[in-house]
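Remarks on the structure that follows.
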Amino acid sequence: MDEPAVLLWLVPALPLAGALVLALRGRHWPERWIARLACATVAASALLVVIMGADYLAAPGARVQVLWSWFAVGEFSPAVALRLDGLSLVMVAVITGVGFLVHLYSSAYMAGEEGYGRYFAWLNLFVAAMLVLVLADDLLLLFLGWELVGLCSYLLIGFWYRDADNGAAARKALIMTMAGDVPLVVGLLLLFSSLGSTAIPTLLDQAAARWPVGAALPTTAALLLAFGAIGKSAQLPLHTWLPSAMAGPTPVSALLHAATMVTAGVYLIARLHPLFALAPPVLDALAWLGAITLLLAGLHALVQNDIKRVLAWSTVSQLGFMFMALGVGAVTAAMFHLFVHAFFKALLFLAAGIAILALGHEQDLRRMGALQKRAPWAFWGFLAGGASLAAVPFLSAGFFSKELILAALWQRGGGALWAVAWVGAVLTAAYITRAFIIGFLSAPVTPATGATGWRLHLPVALLVPPSLAVGWLAPPFGALLVPASGATLPATETAFLPALLAALAPLLGIALAWYALHRRPASAPRHLAPVEDTGFDRFYWAWVRTPYQVLARRLAEDPFDRPFMAIVQLTRVLWQVLSATQDGRLRRYALTLVAGTVVLLAMVMT
Amino acid sequence: MTTTPVVLTLAAALMGIGMAGVLARRNLMFMLVSVELVFNGAGLAFIAAGAHWAQPDGQVMFLLILSVSGAETATALALMLRLERHYGTLDVDAMRQLRD
């Protein structure tokens, strides 16, 4: 291993150290020192990644750094080992890059908040945990990062914990993702017990060598692992936590939606793709799950009035795109969309954050408006991010990644999946256009009062170019990923008609939204009735939460304990009776003795 | 021998009186005297039984009882001395600390 990769361990270690220092000492420090330390650790990590990335591109090939053996039980000794290959390099670059910008942005956004040190401690830990997750060369270490990410999302979503609703949203995120994590653990144990190792390369080699395609064991394992990915990446039916997670501060949403947390599920499937390739039914299910999620979330996003909720549902639907691509085996397309999505979604959230701050914490689209003059950074940032999300042809990065996915779906998924994805693309363009028109172009309602500063503007400005231009990187990107994932590139030549239709989808969506909003008379309300959810929350409430609570209340009385408590009661009564005879009166003892003797004598003599 | 039932009756009477004394008296000293009466009743019964069957065992047992009751009396008196010092009285109903 050559020089730069020796420092691989520092990439997660630096933010982790920052998190530790801030968690222990943060409350005693002034804000600017907290912000400096937190930003510096992530910036240093990002710098290391740049150096290592240049080194990797000069000489491709996985670098593995074994730090130490975690523990050893008999034959089983999982290593704490980090692996840098094309896949993890992409993820690490996104995490540290976007992570640093979010840190910088947060230092201004959270200024004056109670718990500034706590916020940055968790934010640093979030980045560190995600880095551990994507760098891990061992499933056990990956799982450690996986759970740490879940913990950090809980801590940050519930950051403003004095409001009980935020705590509930945080618990919801934790519980819903845990619901996926339990099958994930079972899947990990299944893989370990049947293959005898948790090291990812060994595992994948063994799986490919021992199991035929479509065998029962890999299908079961892949299905169980897929549940974990579905939970973390907010796919149907475990998606309900993500819109609720908007309770957290806006920069947290940007980090959570772009770089950390929700991308973990996509990463897991991409990393273990050779295993999933052995389970075609699971992949088909994932593709269709992604398709349904894409449509459902797109429809949700169309009728939200909270700007952050629009973005939250759009994340769910974009993750649906990625799952569809993963489902048809187009790992490269999925990862490229993840890469592009990280930039434009972070940009959208950060721009929305500026608008929210400028309007004095106003999140309702209907009460925003006319932001071109009043918050130009937010306006242009949101425009660029929105264009990329809508996939405006050639001008935006989102176009290229979506085109890749649609091409892959056309080639491998068949007409139905492609059609659903096409409708999803139209929907995507429509809802973001609607949000932009209502929130940024219409007449102003709320006066602009809040202040913004360079630390808010710089991340937005830095995210605009990649959101628009990174799409041209698709071919080298694919070449980077191929040795890592073992998946083949989708062929670039695709049928002309579907490509044309795919390019027209965003334009159609934008035109539809524009037309629908401008056809209405000015007096009519420019919004649909807000729909919070399509009954998933109510379903979980009625069929999971309520029965659970009833059961818990029943079990609190502990019916199974009753027979044993009866024995205790009987013993106690008997003890009371007998104990009453021992009253300390000597003469009564004597009387009892005499009476007993007399009775015994009488029994003997008769 | 026709005296045996008479002597046994006397022994039973002694025991009964002793028992009644133990149960009825509250002063420890008198309870001790009553216990001695019970001992003597038992001893008398042994003597009568020994005379009845013309065996020495009855007298042996009586001697044993005498020594036991002597030892018992000595111990009891010593205890009573301590109790009197401790409680300031020999009323047995006042000594009720040994209870549940």
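For the structure tokens, the naming scheme is as follows: chains receive sequential letters (A, B, ...) according to their order of presentation, residues are indexed from 1 within each chain, and ligands are indexed from 1 in presentation order.
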*If we count only C-alpha atoms, which residues of chain A reach to within 12 Å of chain B? Please list them as a ChimeraX atom specification.*
/A:575-595,597-598
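Within the 12 Å cut-off around stretch 48-56 of chain B, using only C-alpha atoms and omitting residues fewer than 4 positions from it on the same chain, the listed residues are B:Met1, B:Thr2, B:Thr3, B:Thr4, B:Pro5, B:Val6, B:Val7, B:Leu8, B:Thr9, B:Leu10, B:Ala11, B:Ala12, B:Gly41, B:Ala42, B:Gly43, B:Leu44, B:Val60, B:Met61, B:Phe62, B:Leu63.
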Mind dumping the selected residues with C-alpha atoms as an mmCIF file, in the first residue's frame?
data_model
loop_
_atom_site.group_PDB
_atom_site.id
_atom_site.type_symbol
_atom_site.label_atom_id
_atom_site.label_comp_id
_atom_site.auth_asym_id
_atom_site.auth_seq_id
_atom_site.Cartn_x
_atom_site.Cartn_y
_atom_site.Cartn_z
ATOM 1 C CA MET B 1 -49.913 -53.831 96.397
ATOM 2 C CA THR B 2 -52.844 -51.584 97.023
ATOM 3 C CA THR B 3 -50.874 -48.422 97.829
ATOM 4 C CA THR B 4 -49.682 -47.919 94.254
ATOM 5 C CA PRO B 5 -52.840 -46.227 92.913
ATOM 6 C CA VAL B 6 -52.899 -43.963 95.948
ATOM 7 C CA VAL B 7 -49.293 -42.913 95.499
ATOM 8 C CA LEU B 8 -49.823 -42.427 91.776
ATOM 9 C CA THR B 9 -52.858 -40.307 92.462
ATOM 10 C CA LEU B 10 -50.755 -38.224 94.860
ATOM 11 C CA ALA B 11 -48.072 -37.895 92.157
ATOM 12 C CA ALA B 12 -50.688 -36.833 89.627
ATOM 13 C CA GLY B 41 -44.653 -35.473 91.108
ATOM 14 C CA ALA B 42 -42.683 -37.204 88.375
ATOM 15 C CA GLY B 43 -40.176 -38.487 90.923
ATOM 16 C CA LEU B 44 -42.908 -39.870 93.125
ATOM 17 C CA VAL B 60 -32.230 -44.556 89.960
ATOM 18 C CA MET B 61 -34.498 -42.366 87.925
ATOM 19 C CA PHE B 62 -35.526 -40.443 91.047
ATOM 20 C CA LEU B 63 -31.884 -39.725 91.856
#
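Using only C-alpha atoms, the shortest contact distance between A:Gly509 and any of A:Leu463, A:Gly414, A:Ile567, A:Leu389 is found at A:Leu389.
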*Just the helix (DSSP H, G or I) stuff from chain B, please, per backbone DSSP, written as a PyMOL selection string.*
chain B and resi 3-24+28-53+57-87+92-94
*Contact residues around B:Phe39 with only C-alpha atoms at 12 Å, ignoring same-chain residues under 4 positions, as a ChimeraX atom specification*: /B:11-12,14-19,32-35,43-46,61-70,72-73
*For A:Ala279, please output as an MDAnalysis selection string all residues within 8 Å (counting only C-alpha atoms; exclusion window: fewer than 6 positions along the same chain).*
chainID A and resid 213:215 218:219 222
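Computed from the coordinates, the atom CA of A:Asp306 to atom CA of A:Thr546 distance equals 28.6 Å.
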*May I have the residues within 12 Å of A:Leu409 as an NGL selection string, using only C-alpha atoms and disregarding those fewer than 4 positions away in the same chain?*
:A and (284 or 287-288 or 291 or 321-331 or 333-334 or 402-405 or 413-422 or 490-491 or 494-495 or 498-499 or 502)
Keeping C-alpha atoms, export the residues of the selection given above as a short mmCIF file (atom, residue, chain, number, x, y, z; two decimals), in the first residue's frame.
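That gives us again_11.cif:
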data_model
loop_
_atom_site.label_atom_id
_atom_site.label_comp_id
_atom_site.auth_asym_id
_atom_site.auth_seq_id
_atom_site.Cartn_x
_atom_site.Cartn_y
_atom_site.Cartn_z
CA ASP A 284 -37.48 -7.65 -9.09
CA ALA A 287 -37.43 -2.57 -8.63
CA TRP A 288 -41.20 -2.59 -8.29
CA ALA A 291 -41.43 2.17 -8.80
CA PHE A 321 -35.40 5.84 -8.82
CA MET A 322 -32.20 4.47 -7.34
CA PHE A 323 -33.92 1.33 -6.11
CA MET A 324 -35.43 0.75 -9.53
CA ALA A 325 -31.97 0.99 -11.05
CA LEU A 326 -30.56 -1.36 -8.42
CA GLY A 327 -33.45 -3.71 -9.06
CA VAL A 328 -32.55 -4.13 -12.70
CA GLY A 329 -28.87 -4.48 -11.81
CA ALA A 330 -27.77 -1.07 -13.00
CA VAL A 331 -25.56 -0.36 -10.00
CA ALA A 333 -26.68 4.20 -12.81
CA ALA A 334 -28.02 4.03 -9.24
CA LYS A 402 -31.95 10.02 -14.84
CA GLU A 403 -31.24 9.27 -18.48
CA LEU A 404 -28.87 6.49 -17.39
CA ILE A 405 -31.52 4.98 -15.15
CA GLY A 413 -36.63 -3.83 -16.86
CA GLY A 414 -39.13 -3.96 -19.66
CA GLY A 415 -41.74 -1.50 -20.76
CA ALA A 416 -43.81 -1.36 -17.58
CA LEU A 417 -40.98 -0.30 -15.29
CA TRP A 418 -39.77 2.20 -17.86
CA ALA A 419 -43.24 3.70 -18.19
CA VAL A 420 -43.59 4.07 -14.43
CA ALA A 421 -40.18 5.72 -14.23
CA TRP A 422 -41.12 8.04 -17.10
CA PRO A 490 -25.45 -0.24 -19.15
CA ALA A 491 -24.63 0.10 -22.79
CA THR A 494 -29.99 3.05 -26.43
CA ALA A 495 -33.03 3.20 -28.62
CA PRO A 498 -37.15 6.20 -25.43
CA ALA A 499 -34.19 8.54 -25.08
CA ALA A 502 -37.05 10.62 -21.49
#
_As an exercise, work out the distance from atom CA of A:Gln318 to atom CA of A:Val42 in Å and give it to one decimal place._
26.5 Å
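Separating atom CA of A:Ala62 from atom CA of A:Leu84 is a distance of 5.6 Å.
The residue set within 7 Å of stretch 68-81 of chain A, counting only C-alpha atoms and dropping same-chain residues fewer than 3 places from it, reads A:Val64, A:Gln65, A:Ala136, A:Asp137, A:Asp138, A:Leu141, A:Thr198, A:Ala199.
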*asked:* Give me, as an NGL selection string, all polymer residues having an atom no more than 7 Å from stretch 373-388 of chain A, counting only C-alpha atoms and skipping those fewer than 2 positions away in the same chain.
replied: :A and (344-345 or 347-348 or 351-352 or 354-355 or 358 or 370-371 or 390-392 or 396-399 or 432 or 440 or 448 or 457 or 460 or 464 or 467-468)
_Nearest residue to A:Thr293 out of A:Leu236, A:Val21, A:Leu7, A:Leu48, using only C-alpha atoms?_
A:Leu236
